[in-house]
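Undergrad: One structure coming up, written as structure tokens, with questions to follow.
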Amino acid sequence: MTTVTTVEATYREAMREAIAEAMRADERVFLMGEDVGSYGGSFAVSLGLLEEFGPERIRDAPLSESGFVGAGIGAALGGMRPIVEIMTVNFSLLALDQILNNAASLLHMSGGQFNVPLVIRMTTGAGRQLAAQHSHSLEGWYAHIPGLRVLAPATLEDARGMLAPALADPDPVLIFEHGSLYNLAGELPTDAGAVDIEHAAIRRSGEDVTLIAYGGCVGKAMAAADLLAAEGSSAEVVDLRTLRPLDDATILASVRATHRAVVVDEGWRSGSLAAEVSARITEQAFYDLDAPVERVCTAEVPLPYPRHLEEAALPQPETIAAAARRTWEGG
Amino acid sequence: MSDFTMPSLGADMDEGTLLEWLVKPGDTVQKGDLMAVVDTSKAAVEVESFTDGVVESLVVEPGTRVPVGAVLATFAAAGAEPAPPEPRKRPSRHAAKMPVAIAEEPLVSSPLVRREAERAGVDLATVTGTGRGGAITRADVAHAAAPPAVPAAPHARPSEGRRGPARVTPYARRLAGELGVDLDRLPAPERRPVRATDVRAAAAGSERPAPERPEVAAPAQADRREEMRRTIATVMARSKREIPHYYLTLTIDLDRALRWMRERNRDLPVAQRLVPAALLLKAAALAAAANPGLNGFWVDDEFRPGSGVHLGVAVSLRGGGLVAPAIHDADQLDLTDVMAGMRDVVTRARAGRLRRAELSDPTITVTNLGEQGVESVHGVIYPPQVALVGFGRVTERPWAVDGLLGVRPLTVATLAADHRATDGFTGGRFLAAVDERLQSPEEL
């Protein structure tokens, strides 16, 4: 967890500012979720918004994910632009039926008559000792579903800028905010605004290996690149940003240049987003590979509570750097 | 009048090979009688007649591959009922309606075995099956395809699949193609695959005049071939210019040796079985040890005996060229080791991975063009060696033994020797020694 004092903005503040801006710009936008109102949100993202926008637009919902996500879908169908907050991705499973069978499917089922302009924000990921019911990374499951766009902001700019285009999208968009990023602090331009939600981004250029990560693992990949740089190797870091649809072009261009790839994913390894990215690389850049694609994922266990076990279960800069070394050393 | 045609014996069958006729012209057949055996590339299938009639002529020779629907034989009319329509419609997966009977006896060889035999240039008729019911297994084919002393047939590829370093990354392989680096010549790194950096290093290295690698220098394939041709030209011209060759020939009866070998093979796992070439090599090595005047080098106008019998084995390379790497101390090795050594040098010669010492230090060379079908070979000595031994094809011939005429497997052994180093008397003794050894195969 980053504990650097705020210089200008935190990820949390950037997200809050993005919500406030969207609500000011469009009166159809409202926020709904558990404790988003008077409590200010479980992760304090919506702190202060109730005071500015009132209970009609900052709506506390009961503990009923299926119910209030369904209500959000209905509101979207009715012409509103709802932002639904789900406390963690683990709890979103209660609303999976609404998300998959309704939000993602209605455009298709209605023969193109009804689109669902809904944004669902939720917290994902581990690293805060919240144990096995609050710590998992299930965004890969949602990235599996046609009809959804899935975003994973990993920087202040993306936290600030992804919401507006997500709301402008006529179809459902899921935004996964990694819990360890809320306190991420840094400089944010005062005119920061909407960003592109189509493409992956190169966060650091390098020549020897491509580290592909998203969300909470981008920072770890950057740290791994620092470790490698200290040994004289240069790693390129690709931030996926959009988990669905994946930006193959950026990923492949990088791998074709470095000839080595390490995919970092806080999800479980089997059937993971990392598996998908790895498959696409081998499908499309096989003859450019100078080593098998490496994956660094979370151990396939329910996330442990004790700090040392939780850390051991998660991708870390050291394990990412070790995977990178495997692409040119042993194997 | 109707025809017997190549049936479609499976949805994906476009053509078939007629393996055997089960009828001959003049035979009266009834609908349902077996006519022929057809190889569908999946299985050998016995094919029935679709009609009654008298076979008039067999149009296709066994071994011929023809498309589905091609006429295989014709029937004389003889009031036979009209032939049913050719079953061209895709037969069902279940054989019930197919106009064929699956052979009941176990198939002699699987398609895989046939394909491998074809690839290795092995005639299955000559292979003894060790599988269930005498079926020929892959191992039998591999064994039969074990590299003979000079297996020069371009389609004989016993080392296929074993060429080059074990693992090469896809990018390294691509890069090797682009840079003209022969992966077969790259030293295999330990505990990791060949990577792009190895290929780049090799590409940079091959531009230097003298590569320091222990392996033979590795220019690109085509260059290597040309270079080898030039080397052979130089060396052979020198041989014929400088060496006064004399040639001796002896026909050797291999009956006892081959009988002993088959007996011995019967009790051994496939990997340890022998082929005739191993016996011939070992006999030549022992004869060379017994006649040291033929085992060594002519240098500076004098003969220098070899420090042991290092038997050069002439190996023809795919795409042309010839090398004769040595099996060291071949006279000291037992037959299994000679066999293994032979296999090893041939495989590595084909892969271009011979060690320098193997190429430079044979003390006498054996060539075995008999595998090509020739009856004898009068070779050109590889200087500075002083003798070259040749073995022709092992062939069954009438042969008188103890006043009785019998059919025996014979080979013609030849010796080309340097008259500066030895006289015909020594050469004759050498060939007699080879013969003698082969008559006591159990002592080989």
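Ligands are numbered from 1 in the order shown, residues from 1 within each chain, and chains are lettered A, B, ... in the order they appear in the structure tokens.
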Pick out the chain B residues within 10 Å of chain A. Count only C-alpha atoms. Give them as number ranges by chain.
TA: B: 168-175, 190-197
Undergrad: Just write the chosen residues, C-alpha atoms, as a CSV table (one decimal), in the first residue's frame.
TA:
chain,number,residue,atom,x,y,z
B,168,VAL,CA,15.2,-23.9,-30.3
B,169,THR,CA,12.9,-21.0,-29.6
B,170,PRO,CA,10.5,-20.0,-32.4
B,171,TYR,CA,12.2,-16.6,-32.8
B,172,ALA,CA,15.7,-18.1,-32.8
B,173,ARG,CA,14.6,-20.5,-35.5
B,174,ARG,CA,13.2,-17.7,-37.6
B,175,LEU,CA,16.3,-15.6,-37.0
B,190,GLU,CA,23.1,-26.6,-21.4
B,191,ARG,CA,19.7,-26.6,-19.7
B,192,ARG,CA,18.1,-24.0,-21.9
B,193,PRO,CA,16.9,-23.8,-25.4
B,194,VAL,CA,18.9,-22.1,-28.2
B,195,ARG,CA,17.9,-18.5,-28.1
B,196,ALA,CA,18.1,-15.6,-30.5
B,197,THR,CA,21.4,-14.5,-28.9
Undergrad: Give the strand (DSSP E or B) residues of stretch 180-297 of chain B, as assigned by DSSP on the backbone, as a PyMOL selection string.
TA: chain B and resi 194+215+245-253+296-297
Undergrad: Restricted to C-alpha atoms, what would the selected residues look like written as a PDB file, in the first residue's frame?
TA:
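Final output, saved to selection16.pdb:
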ATOM      1  CA  VAL B 194      18.866 -22.139 -28.241  1.00  0.00           C
ATOM      2  CA  GLU B 215      32.357 -28.705 -33.960  1.00  0.00           C
ATOM      3  CA  HIS B 245      46.036 -48.944 -55.677  1.00  0.00           C
ATOM      4  CA  TYR B 246      45.713 -52.678 -55.928  1.00  0.00           C
ATOM      5  CA  TYR B 247      42.353 -54.393 -55.667  1.00  0.00           C
ATOM      6  CA  LEU B 248      41.385 -57.786 -54.274  1.00  0.00           C
ATOM      7  CA  THR B 249      38.008 -59.457 -54.132  1.00  0.00           C
ATOM      8  CA  LEU B 250      36.615 -62.296 -52.055  1.00  0.00           C
ATOM      9  CA  THR B 251      33.094 -63.676 -51.975  1.00  0.00           C
ATOM     10  CA  ILE B 252      32.094 -64.464 -48.413  1.00  0.00           C
ATOM     11  CA  ASP B 253      29.370 -66.846 -47.326  1.00  0.00           C
ATOM     12  CA  GLY B 296      47.669 -46.825 -40.544  1.00  0.00           C
ATOM     13  CA  PHE B 297      49.017 -44.013 -42.690  1.00  0.00           C
TER      14      PHE B 297
END
Undergrad: Which residues, written as a ChimeraX atom specification, have at least one atom at most 10 Å from A:Ala168, with only C-alpha atoms counted and residues fewer than 6 positions away on the same chain left out?
TA: /A:81,117-119
Undergrad: Check stretch 23-252 of chain A with DSSP on the backbone and list each residue it calls helix (DSSP H, G or I), as a ChimeraX atom specification.
TA: /A:23-25,49-53,65-77,89-103,106-109,131-133,139-142,156-161,163-168,179-181,216-230,248-252
Undergrad: Return the single residue from A:Asn183, A:Leu167, A:Gly40, A:Glu310 that is closest to A:Ala25, with distances computed using only C-alpha atoms.
TA: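 Closest candidate: A:Leu167.
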Undergrad: For B:Thr414, please output as a count of residues only all residues within 10 Å (counting only C-alpha atoms; exclusion window: fewer than 4 positions along the same chain).
TA: 19
Undergrad: What is the atom CA of B:Pro244-atom CA of B:Ala289 distance in Å, reported with one decimal?
TA: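 Rounded to one decimal, the two atoms are 22.7 Å apart.
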Undergrad: Select, from B:Gly53, B:Pro269, B:Gly308, B:Gly26, the residue with the minimum atom-to-atom distance to B:Asp331, counting only C-alpha atoms.
TA: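 Result for the nearest residue to B:Asp331: B:Gly308.
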Undergrad: Got a sec: who's within 10 Å of B:Glu443, counting only C-alpha atoms, leaving out chain neighbours fewer than 5 positions off, as a list of chain:residue names?
TA: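 Neighbouring residues, sequence-local ones excluded: B:Ala283, B:Asp334, B:Leu335, B:Arg437, B:Leu438.
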Undergrad: Between A:Ile281, A:Val89, A:Ala321, A:Ala103, which one has atoms that come closest to A:Ser234, using only C-alpha atoms?
TA: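 Using only C-alpha atoms, the shortest distance to A:Ser234 belongs to A:Ala321.
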Undergrad: Neighbouring residues of A:Phe176 were defined as those with any atom within 7 Å, considering only C-alpha atoms; residues of the same chain fewer than 3 positions away were excluded. Please report them as an NGL selection string.
TA: :A and (121-124 or 151-152)
Undergrad: Please provide as a ChimeraX atom specification all residues within 8 Å of A:Thr298, with the sequence filter that same-chain residues fewer than 2 positions apart are discarded (counting only C-alpha atoms).
TA: /A:265-269,296,300,313-315
Undergrad: Would you write out those residues with C-alpha atoms, as a PDB file, in the first residue's frame?
TA:
ATOM      1  CA  ASP A 265      -2.343 -11.089 -13.236  1.00  0.00           C
ATOM      2  CA  GLU A 266      -3.654 -10.948  -9.700  1.00  0.00           C
ATOM      3  CA  GLY A 267      -6.313 -13.455 -10.693  1.00  0.00           C
ATOM      4  CA  TRP A 268      -5.815 -17.178 -10.227  1.00  0.00           C
ATOM      5  CA  ARG A 269      -3.692 -18.698 -12.916  1.00  0.00           C
ATOM      6  CA  VAL A 296       2.927 -14.500 -12.666  1.00  0.00           C
ATOM      7  CA  GLU A 300      -4.603 -20.817  -6.377  1.00  0.00           C
ATOM      8  CA  ALA A 313       0.225 -15.600  -2.483  1.00  0.00           C
ATOM      9  CA  LEU A 314       0.278 -12.464  -4.632  1.00  0.00           C
ATOM     10  CA  PRO A 315       2.464 -11.411  -7.555  1.00  0.00           C
TER      11      PRO A 315
END
Undergrad: Rounded to one decimal, what separation in Å do you get between atom CA of B:Phe425 and atom CA of B:Glu442?
TA: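 It comes out at 27.4 Å.
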